[in-house]
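Next up, run-v5.pdb (PDB, C-alpha atoms):
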```pdb
ATOM      1  CA  MET A 905       0.000   0.000   0.000
ATOM      2  CA  LYS A 906       2.768   2.432   0.929
ATOM      3  CA  LYS A 907       4.669   1.669  -2.274
ATOM      4  CA  GLY A 908       1.574   2.412  -4.388
ATOM      5  CA  LEU A 909       1.032   5.719  -2.588
ATOM      6  CA  ILE A 910       4.627   6.778  -3.219
ATOM      7  CA  ILE A 911       4.342   5.863  -6.911
ATOM      8  CA  GLY A 912       1.054   7.776  -7.123
ATOM      9  CA  ILE A 913       2.619  10.873  -5.530
ATOM     10  CA  VAL A 914       5.607  10.684  -7.900
ATOM     11  CA  ILE A 915       3.281  10.404 -10.902
ATOM     12  CA  ILE A 916       1.287  13.420  -9.689
ATOM     13  CA  PHE A 917       4.486  15.453  -9.260
ATOM     14  CA  VAL A 918       5.654  14.469 -12.763
ATOM     15  CA  LEU A 919       2.286  15.426 -14.268
ATOM     16  CA  VAL A 920       2.172  18.746 -12.389
ATOM     17  CA  GLY A 921       5.757  19.462 -13.483
ATOM     18  CA  PHE A 922       4.849  18.647 -17.108
ATOM     19  CA  PHE A 923       1.793  20.896 -16.875
ATOM     20  CA  ILE A 924       3.762  23.824 -15.430
ATOM     21  CA  LYS A 925       6.555  23.369 -17.978
ATOM     22  CA  GLY A 926       4.036  23.350 -20.842
ATOM     23  CA  LEU A 927       2.337  26.533 -19.640
ATOM     24  CA  ASN A 928       5.666  28.257 -19.097
ATOM     25  CA  ARG A 929       6.828  27.274 -22.604
ATOM     26  CA  VAL A 930       3.880  28.932 -24.388
ATOM     27  CA  VAL A 931       4.236  32.032 -22.221
ATOM     28  CA  THR A 932       7.972  32.235 -23.015
ATOM     29  CA  LEU A 933       7.340  31.833 -26.748
ATOM     30  CA  ASP A 934       4.625  34.497 -26.647
ATOM     31  CA  GLU A 935       6.979  36.876 -24.848
ATOM     32  CA  ASN A 936       9.688  36.158 -27.431
ATOM     33  CA  ILE A 937       7.295  37.366 -30.131
ATOM     34  CA  LYS A 938       6.564  40.532 -28.178
ATOM     35  CA  GLU A 939      10.279  41.150 -27.708
ATOM     36  CA  ALA A 940      11.007  40.590 -31.399
ATOM     37  CA  TRP A 941       8.193  42.970 -32.372
ATOM     38  CA  SER A 942       9.537  45.530 -29.926
ATOM     39  CA  GLN A 943      12.865  45.463 -31.755
ATOM     40  CA  ILE A 944      11.070  46.154 -35.038
ATOM     41  CA  GLU A 945       9.276  49.071 -33.379
ATOM     42  CA  ASN A 946      12.619  50.432 -32.134
ATOM     43  CA  GLN A 947      13.971  50.491 -35.673
ATOM     44  CA  LEU A 948      10.727  51.895 -37.095
ATOM     45  CA  GLN A 949      10.956  54.686 -34.514
ATOM     46  CA  ARG A 950      14.568  55.340 -35.524
ATOM     47  CA  ARG A 951      13.461  55.616 -39.155
ATOM     48  CA  ASN A 952      10.565  57.843 -38.093
ATOM     49  CA  ASP A 953      13.013  60.130 -36.302
ATOM     50  CA  LEU A 954      15.325  60.362 -39.338
ATOM     51  CA  ILE A 955      12.590  61.187 -41.834
ATOM     52  CA  PRO A 956      11.916  64.822 -40.811
ATOM     53  CA  ASN A 957      15.609  65.648 -41.285
ATOM     54  CA  LEU A 958      15.631  63.922 -44.652
ATOM     55  CA  VAL A 959      12.433  65.649 -45.752
ATOM     56  CA  ASN A 960      13.718  69.066 -44.682
ATOM     57  CA  THR A 961      16.959  68.528 -46.594
ATOM     58  CA  VAL A 962      15.071  67.466 -49.717
ATOM     59  CA  LYS A 963      12.537  70.320 -49.381
ATOM     60  CA  GLY A 964      15.234  72.905 -49.961
ATOM     61  CA  TYR A 965      15.889  71.441 -53.391
ATOM     62  CA  THR A 966      12.402  70.358 -54.404
ATOM     63  CA  VAL A 967      10.092  73.182 -53.464
ATOM     64  CA  HIS A 968       7.434  72.187 -55.998
ATOM     65  CA  GLU A 969       7.115  68.511 -54.862
ATOM     66  CA  LYS A 970       4.699  69.264 -52.010
ATOM     67  CA  GLU A 971       2.394  66.279 -52.460
ATOM     68  CA  ILE A 972       5.076  63.714 -51.658
ATOM     69  CA  PHE A 973       5.973  65.549 -48.436
ATOM     70  CA  LYS A 974       2.344  65.345 -47.366
ATOM     71  CA  HIS A 975       2.262  61.588 -48.079
ATOM     72  CA  VAL A 976       5.449  61.022 -46.067
ATOM     73  CA  ALA A 977       4.188  63.127 -43.167
ATOM     74  CA  ASP A 978       0.798  61.370 -43.148
ATOM     75  CA  ALA A 979       2.340  57.897 -43.297
ATOM     76  CA  ARG A 980       4.822  58.802 -40.561
ATOM     77  CA  ALA A 981       2.017  60.105 -38.338
ATOM     78  CA  LYS A 982      -0.035  56.933 -38.898
ATOM     79  CA  LEU A 983       2.891  54.735 -37.916
ATOM     80  CA  ALA A 984       3.623  56.824 -34.836
ATOM     81  CA  GLY A 985      -0.071  56.648 -33.899
ATOM     82  CA  ALA A 986      -0.205  52.889 -34.408
ATOM     83  CA  ILE A 987       2.820  52.399 -32.168
ATOM     84  CA  SER A 988       1.816  54.847 -29.439
ATOM     85  CA  HIS A 989      -1.841  53.762 -29.312
ATOM     86  CA  ASN A 990      -1.015  50.063 -28.987
ATOM     87  CA  LYS A 991      -2.749  49.055 -32.200
ATOM     88  CA  SER A 992      -2.591  45.424 -33.315
ATOM     89  CA  ILE A 993       0.591  44.130 -34.883
ATOM     90  CA  SER A 994      -1.241  43.802 -38.217
ATOM     91  CA  GLU A 995      -2.177  47.501 -38.110
ATOM     92  CA  LYS A 996       1.402  48.426 -37.227
ATOM     93  CA  ILE A 997       2.722  46.319 -40.109
ATOM     94  CA  THR A 998       0.366  48.077 -42.538
ATOM     95  CA  ALA A 999       1.398  51.495 -41.228
ATOM     96  CA  ALA A1000       5.093  50.587 -41.557
ATOM     97  CA  GLN A1001       4.558  49.399 -45.117
ATOM     98  CA  ASN A1002       2.705  52.621 -46.021
ATOM     99  CA  LEU A1003       5.583  54.680 -44.665
ATOM    100  CA  GLY A1004       8.057  52.573 -46.623
ATOM    101  CA  GLY A1005       6.081  53.207 -49.807
ATOM    102  CA  ALA A1006       5.925  56.967 -49.220
ATOM    103  CA  LEU A1007       9.634  57.013 -48.482
ATOM    104  CA  SER A1008      10.340  55.120 -51.714
ATOM    105  CA  ARG A1009       8.410  57.741 -53.690
ATOM    106  CA  LEU A1010      10.406  60.490 -51.973
ATOM    107  CA  LEU A1011      13.661  58.790 -52.913
ATOM    108  CA  MET A1012      12.510  58.437 -56.522
ATOM    109  CA  ILE A1013      12.059  62.219 -56.658
ATOM    110  CA  VAL A1014      15.594  62.674 -55.355
ATOM    111  CA  GLU A1015      16.915  60.993 -58.491
ATOM    112  CA  ASN A1016      15.842  64.096 -60.440
ATOM    113  CA  TYR A1017      18.068  66.384 -58.355
ATOM    114  CA  PRO A1018      21.794  65.625 -58.809
ATOM    115  CA  ASP A1019      22.842  68.593 -56.624
ATOM    116  CA  LEU A1020      20.803  67.152 -53.773
ATOM    117  CA  LYS A1021      22.467  63.755 -54.071
ATOM    118  CA  ALA A1022      25.851  65.492 -53.765
ATOM    119  CA  ASN A1023      24.789  67.381 -50.602
ATOM    120  CA  GLN A1024      26.757  66.150 -47.578
ATOM    121  CA  ASN A1025      23.799  66.349 -45.161
ATOM    122  CA  PHE A1026      21.635  64.407 -47.576
ATOM    123  CA  ALA A1027      24.311  61.776 -48.115
ATOM    124  CA  GLN A1028      24.741  61.324 -44.360
ATOM    125  CA  LEU A1029      20.989  61.054 -43.816
ATOM    126  CA  MET A1030      20.715  58.531 -46.645
ATOM    127  CA  ASP A1031      23.468  56.435 -45.054
ATOM    128  CA  GLU A1032      21.631  56.552 -41.721
ATOM    129  CA  LEU A1033      18.365  55.650 -43.411
ATOM    130  CA  ALA A1034      19.959  52.786 -45.364
ATOM    131  CA  GLY A1035      21.435  51.437 -42.140
ATOM    132  CA  THR A1036      18.074  51.695 -40.440
ATOM    133  CA  GLU A1037      16.328  49.928 -43.322
ATOM    134  CA  ASN A1038      18.860  47.115 -43.016
ATOM    135  CA  ARG A1039      18.224  46.900 -39.277
ATOM    136  CA  ILE A1040      14.480  46.769 -39.898
ATOM    137  CA  ALA A1041      14.992  43.921 -42.385
ATOM    138  CA  VAL A1042      17.084  41.974 -39.863
ATOM    139  CA  GLU A1043      14.542  42.540 -37.087
ATOM    140  CA  ARG A1044      11.670  41.490 -39.384
ATOM    141  CA  MET A1045      13.557  38.283 -40.131
ATOM    142  CA  ARG A1046      14.097  37.632 -36.415
ATOM    143  CA  TYR A1047      10.459  38.410 -35.673
ATOM    144  CA  ASN A1048       9.235  36.036 -38.388
ATOM    145  CA  ARG A1049      11.559  33.307 -37.097
ATOM    146  CA  THR A1050      10.129  33.781 -33.599
ATOM    147  CA  VAL A1051       6.556  33.699 -34.957
ATOM    148  CA  LYS A1052       7.368  30.481 -36.830
ATOM    149  CA  ILE A1053       8.631  28.779 -33.651
ATOM    150  CA  PHE A1054       5.579  29.934 -31.671
ATOM    151  CA  ASN A1055       3.028  29.044 -34.354
ATOM    152  CA  ALA A1056       4.581  25.599 -34.898
ATOM    153  CA  HIS A1057       4.571  24.946 -31.159
ATOM    154  CA  ILE A1058       0.930  25.864 -30.619
ATOM    155  CA  ARG A1059      -0.176  23.816 -33.632
ATOM    156  CA  ARG A1060       1.347  20.665 -32.155
ATOM    157  CA  ILE A1061       0.248  18.607 -29.194
ATOM    158  CA  PRO A1062       0.662  19.398 -26.281
ATOM    159  CA  GLY A1063       1.460  23.028 -27.249
ATOM    160  CA  SER A1064      -2.041  23.566 -28.600
ATOM    161  CA  PHE A1065      -3.511  22.457 -25.278
ATOM    162  CA  PHE A1066      -1.371  24.880 -23.267
ATOM    163  CA  ALA A1067      -1.918  27.734 -25.744
ATOM    164  CA  SER A1068      -5.682  27.288 -25.423
ATOM    165  CA  LEU A1069      -5.377  27.426 -21.626
ATOM    166  CA  LYS A1070      -3.546  30.751 -21.934
ATOM    167  CA  ASN A1071      -5.960  31.926 -24.670
ATOM    168  CA  LEU A1072      -3.104  32.361 -27.171
ATOM    169  CA  SER A1073      -3.593  32.073 -30.909
ATOM    170  CA  SER A1074      -1.205  32.074 -33.848
ATOM    171  CA  ALA A1075       0.795  35.256 -34.443
ATOM    172  CA  SER A1076       0.927  37.277 -37.675
ATOM    173  CA  TYR A1077       4.003  37.225 -39.862
ATOM    174  CA  PHE A1078       5.512  40.451 -41.136
ATOM    175  CA  LYS A1079       4.916  39.983 -44.864
ATOM    176  CA  ALA A1080       6.079  42.011 -47.822
ATOM    177  CA  GLU A1081       3.518  44.128 -49.591
ATOM    178  CA  GLU A1082       1.964  42.612 -52.709
ATOM    179  CA  LYS A1083       3.549  45.264 -54.918
ATOM    180  CA  ALA A1084       7.002  44.234 -53.649
ATOM    181  CA  ALA A1085       6.689  41.070 -55.733
ATOM    182  CA  GLN A1086       6.267  43.087 -58.936
ATOM    183  CA  LEU A1087       9.304  43.896 -61.016
ATOM    184  CA  PRO A1088      10.212  47.573 -60.801
ATOM    185  CA  GLU A1089       9.998  49.593 -63.988
ATOM    186  CA  VAL A1090      13.364  50.988 -64.969
ATOM    187  CA  LYS A1091      13.513  53.877 -67.433
ATOM    188  CA  PHE A1092      16.577  55.520 -68.904
TER     189      PHE A1092
END
```

Output the structure of this file as structure tokens.
Amino acid sequence: MKKGLIIGIVIIFVLVGFFIKGLNRVVTLDENIKEAWSQIENQLQRRNDLIPNLVNTVKGYTVHEKEIFKHVADARAKLAGAISHNKSISEKITAAQNLGGALSRLLMIVENYPDLKANQNFAQLMDELAGTENRIAVERMRYNRTVKIFNAHIRRIPGSFFASLKNLSSASYFKAEEKAAQLPEVKF
């Protein structure tokens, strides 16, 4: 009788340990996603902070290109609002992509102004922006890797059981915009 009781207690401890470990695993994976997204937001904020300087430098050369400045300012404000108002990650991704598109249009305009491209302030800002874009790409890759690990875990047993207990569902990947798959038009 005593031996059976000891075995029963050991089995209960093993099951409780398994249960706690499973819950802790899904929580850790969920937090890893939040951390990875936070790193993307850090880089998006860095880009957001660089843009006014870039726009002001370009404005001096391109006085008549007002519409693009409005698009950049609007997209920047939407991204800042999405980040500061704790919008969903999907809404933040869309806002970041809109800003990237507006920034691309701004840089296309720059091609028409050779004196601007030779400006030292502009060149320095472009280097900073290029570095930031690279950092964003790296952080997106890390985020997507973290999402993959989490999503795979909660789709498998017992991960799905523990995720449902914590009310966690699959996370969204940071995907490229549809127009990114199209070949760019190059004109000479």

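Relative to CA of Ala984 (chain A), CA of Glu1043 (chain A) is found at 18.1 Å.
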
*Taking the file as shown, find all residues satisfying the PyMOL selection byres ((chain A and resi 1058) around 10) and write them as a PyMOL selection string.*
chain A and resi 930+933+1053-1057+1059-1068+1072-1074

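Using only C-alpha atoms, the smallest distance between any of A:Thr1050, A:Thr932, A:Ser1076, A:Ser1008 and Lys996 (chain A) comes from A:Ser1076.
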
*What does the PyMOL selection byres ((chain A and resi 998) around 12) select in this file, as a count of residues only?*
27

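Reported to one decimal place, the separation of CA of Val1042 (chain A) from CA of Val1014 (chain A) is 25.9 Å.
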
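Here the PyMOL selection byres ((chain A and resi 1041) around 12) catches exactly these residues: Gln943, Ile944, Glu945, Gln947, Leu948, Ala1000, Gly1004, Ala1034, Gly1035, Thr1036, Glu1037, Asn1038, Arg1039, Ile1040, Val1042, Glu1043, Arg1044, Met1045, Arg1046, Tyr1047, Asn1048, Phe1078, Lys1079 and Ala1080 of chain A.
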
Keeping only C-alpha atoms, write the selected residues as a tab-separated table (two decimals), in the frame of the given file.
```tsv
chain	number	residue	atom	x	y	z
A	943	GLN	CA	12.86	45.46	-31.76
A	944	ILE	CA	11.07	46.15	-35.04
A	945	GLU	CA	9.28	49.07	-33.38
A	947	GLN	CA	13.97	50.49	-35.67
A	948	LEU	CA	10.73	51.90	-37.10
A	1000	ALA	CA	5.09	50.59	-41.56
A	1004	GLY	CA	8.06	52.57	-46.62
A	1034	ALA	CA	19.96	52.79	-45.36
A	1035	GLY	CA	21.44	51.44	-42.14
A	1036	THR	CA	18.07	51.70	-40.44
A	1037	GLU	CA	16.33	49.93	-43.32
A	1038	ASN	CA	18.86	47.12	-43.02
A	1039	ARG	CA	18.22	46.90	-39.28
A	1040	ILE	CA	14.48	46.77	-39.90
A	1042	VAL	CA	17.08	41.97	-39.86
A	1043	GLU	CA	14.54	42.54	-37.09
A	1044	ARG	CA	11.67	41.49	-39.38
A	1045	MET	CA	13.56	38.28	-40.13
A	1046	ARG	CA	14.10	37.63	-36.42
A	1047	TYR	CA	10.46	38.41	-35.67
A	1048	ASN	CA	9.24	36.04	-38.39
A	1078	PHE	CA	5.51	40.45	-41.14
A	1079	LYS	CA	4.92	39.98	-44.86
A	1080	ALA	CA	6.08	42.01	-47.82
```

When you write region 907-986 of chain A out from the block above, keep C-alpha atoms and present the result as an mmCIF file, in the first residue's frame, please.
```cif
data_model
loop_
_atom_site.group_PDB
_atom_site.id
_atom_site.type_symbol
_atom_site.label_atom_id
_atom_site.label_comp_id
_atom_site.auth_asym_id
_atom_site.auth_seq_id
_atom_site.Cartn_x
_atom_site.Cartn_y
_atom_site.Cartn_z
ATOM 1 C CA LYS A 907 4.669 1.669 -2.274
ATOM 2 C CA GLY A 908 1.574 2.412 -4.388
ATOM 3 C CA LEU A 909 1.032 5.719 -2.588
ATOM 4 C CA ILE A 910 4.627 6.778 -3.219
ATOM 5 C CA ILE A 911 4.342 5.863 -6.911
ATOM 6 C CA GLY A 912 1.054 7.776 -7.123
ATOM 7 C CA ILE A 913 2.619 10.873 -5.530
ATOM 8 C CA VAL A 914 5.607 10.684 -7.900
ATOM 9 C CA ILE A 915 3.281 10.404 -10.902
ATOM 10 C CA ILE A 916 1.287 13.420 -9.689
ATOM 11 C CA PHE A 917 4.486 15.453 -9.260
ATOM 12 C CA VAL A 918 5.654 14.469 -12.763
ATOM 13 C CA LEU A 919 2.286 15.426 -14.268
ATOM 14 C CA VAL A 920 2.172 18.746 -12.389
ATOM 15 C CA GLY A 921 5.757 19.462 -13.483
ATOM 16 C CA PHE A 922 4.849 18.647 -17.108
ATOM 17 C CA PHE A 923 1.793 20.896 -16.875
ATOM 18 C CA ILE A 924 3.762 23.824 -15.430
ATOM 19 C CA LYS A 925 6.555 23.369 -17.978
ATOM 20 C CA GLY A 926 4.036 23.350 -20.842
ATOM 21 C CA LEU A 927 2.337 26.533 -19.640
ATOM 22 C CA ASN A 928 5.666 28.257 -19.097
ATOM 23 C CA ARG A 929 6.828 27.274 -22.604
ATOM 24 C CA VAL A 930 3.880 28.932 -24.388
ATOM 25 C CA VAL A 931 4.236 32.032 -22.221
ATOM 26 C CA THR A 932 7.972 32.235 -23.015
ATOM 27 C CA LEU A 933 7.340 31.833 -26.748
ATOM 28 C CA ASP A 934 4.625 34.497 -26.647
ATOM 29 C CA GLU A 935 6.979 36.876 -24.848
ATOM 30 C CA ASN A 936 9.688 36.158 -27.431
ATOM 31 C CA ILE A 937 7.295 37.366 -30.131
ATOM 32 C CA LYS A 938 6.564 40.532 -28.178
ATOM 33 C CA GLU A 939 10.279 41.150 -27.708
ATOM 34 C CA ALA A 940 11.007 40.590 -31.399
ATOM 35 C CA TRP A 941 8.193 42.970 -32.372
ATOM 36 C CA SER A 942 9.537 45.530 -29.926
ATOM 37 C CA GLN A 943 12.865 45.463 -31.755
ATOM 38 C CA ILE A 944 11.070 46.154 -35.038
ATOM 39 C CA GLU A 945 9.276 49.071 -33.379
ATOM 40 C CA ASN A 946 12.619 50.432 -32.134
ATOM 41 C CA GLN A 947 13.971 50.491 -35.673
ATOM 42 C CA LEU A 948 10.727 51.895 -37.095
ATOM 43 C CA GLN A 949 10.956 54.686 -34.514
ATOM 44 C CA ARG A 950 14.568 55.340 -35.524
ATOM 45 C CA ARG A 951 13.461 55.616 -39.155
ATOM 46 C CA ASN A 952 10.565 57.843 -38.093
ATOM 47 C CA ASP A 953 13.013 60.130 -36.302
ATOM 48 C CA LEU A 954 15.325 60.362 -39.338
ATOM 49 C CA ILE A 955 12.590 61.187 -41.834
ATOM 50 C CA PRO A 956 11.916 64.822 -40.811
ATOM 51 C CA ASN A 957 15.609 65.648 -41.285
ATOM 52 C CA LEU A 958 15.631 63.922 -44.652
ATOM 53 C CA VAL A 959 12.433 65.649 -45.752
ATOM 54 C CA ASN A 960 13.718 69.066 -44.682
ATOM 55 C CA THR A 961 16.959 68.528 -46.594
ATOM 56 C CA VAL A 962 15.071 67.466 -49.717
ATOM 57 C CA LYS A 963 12.537 70.320 -49.381
ATOM 58 C CA GLY A 964 15.234 72.905 -49.961
ATOM 59 C CA TYR A 965 15.889 71.441 -53.391
ATOM 60 C CA THR A 966 12.402 70.358 -54.404
ATOM 61 C CA VAL A 967 10.092 73.182 -53.464
ATOM 62 C CA HIS A 968 7.434 72.187 -55.998
ATOM 63 C CA GLU A 969 7.115 68.511 -54.862
ATOM 64 C CA LYS A 970 4.699 69.264 -52.010
ATOM 65 C CA GLU A 971 2.394 66.279 -52.460
ATOM 66 C CA ILE A 972 5.076 63.714 -51.658
ATOM 67 C CA PHE A 973 5.973 65.549 -48.436
ATOM 68 C CA LYS A 974 2.344 65.345 -47.366
ATOM 69 C CA HIS A 975 2.262 61.588 -48.079
ATOM 70 C CA VAL A 976 5.449 61.022 -46.067
ATOM 71 C CA ALA A 977 4.188 63.127 -43.167
ATOM 72 C CA ASP A 978 0.798 61.370 -43.148
ATOM 73 C CA ALA A 979 2.340 57.897 -43.297
ATOM 74 C CA ARG A 980 4.822 58.802 -40.561
ATOM 75 C CA ALA A 981 2.017 60.105 -38.338
ATOM 76 C CA LYS A 982 -0.035 56.933 -38.898
ATOM 77 C CA LEU A 983 2.891 54.735 -37.916
ATOM 78 C CA ALA A 984 3.623 56.824 -34.836
ATOM 79 C CA GLY A 985 -0.071 56.648 -33.899
ATOM 80 C CA ALA A 986 -0.205 52.889 -34.408
#
```
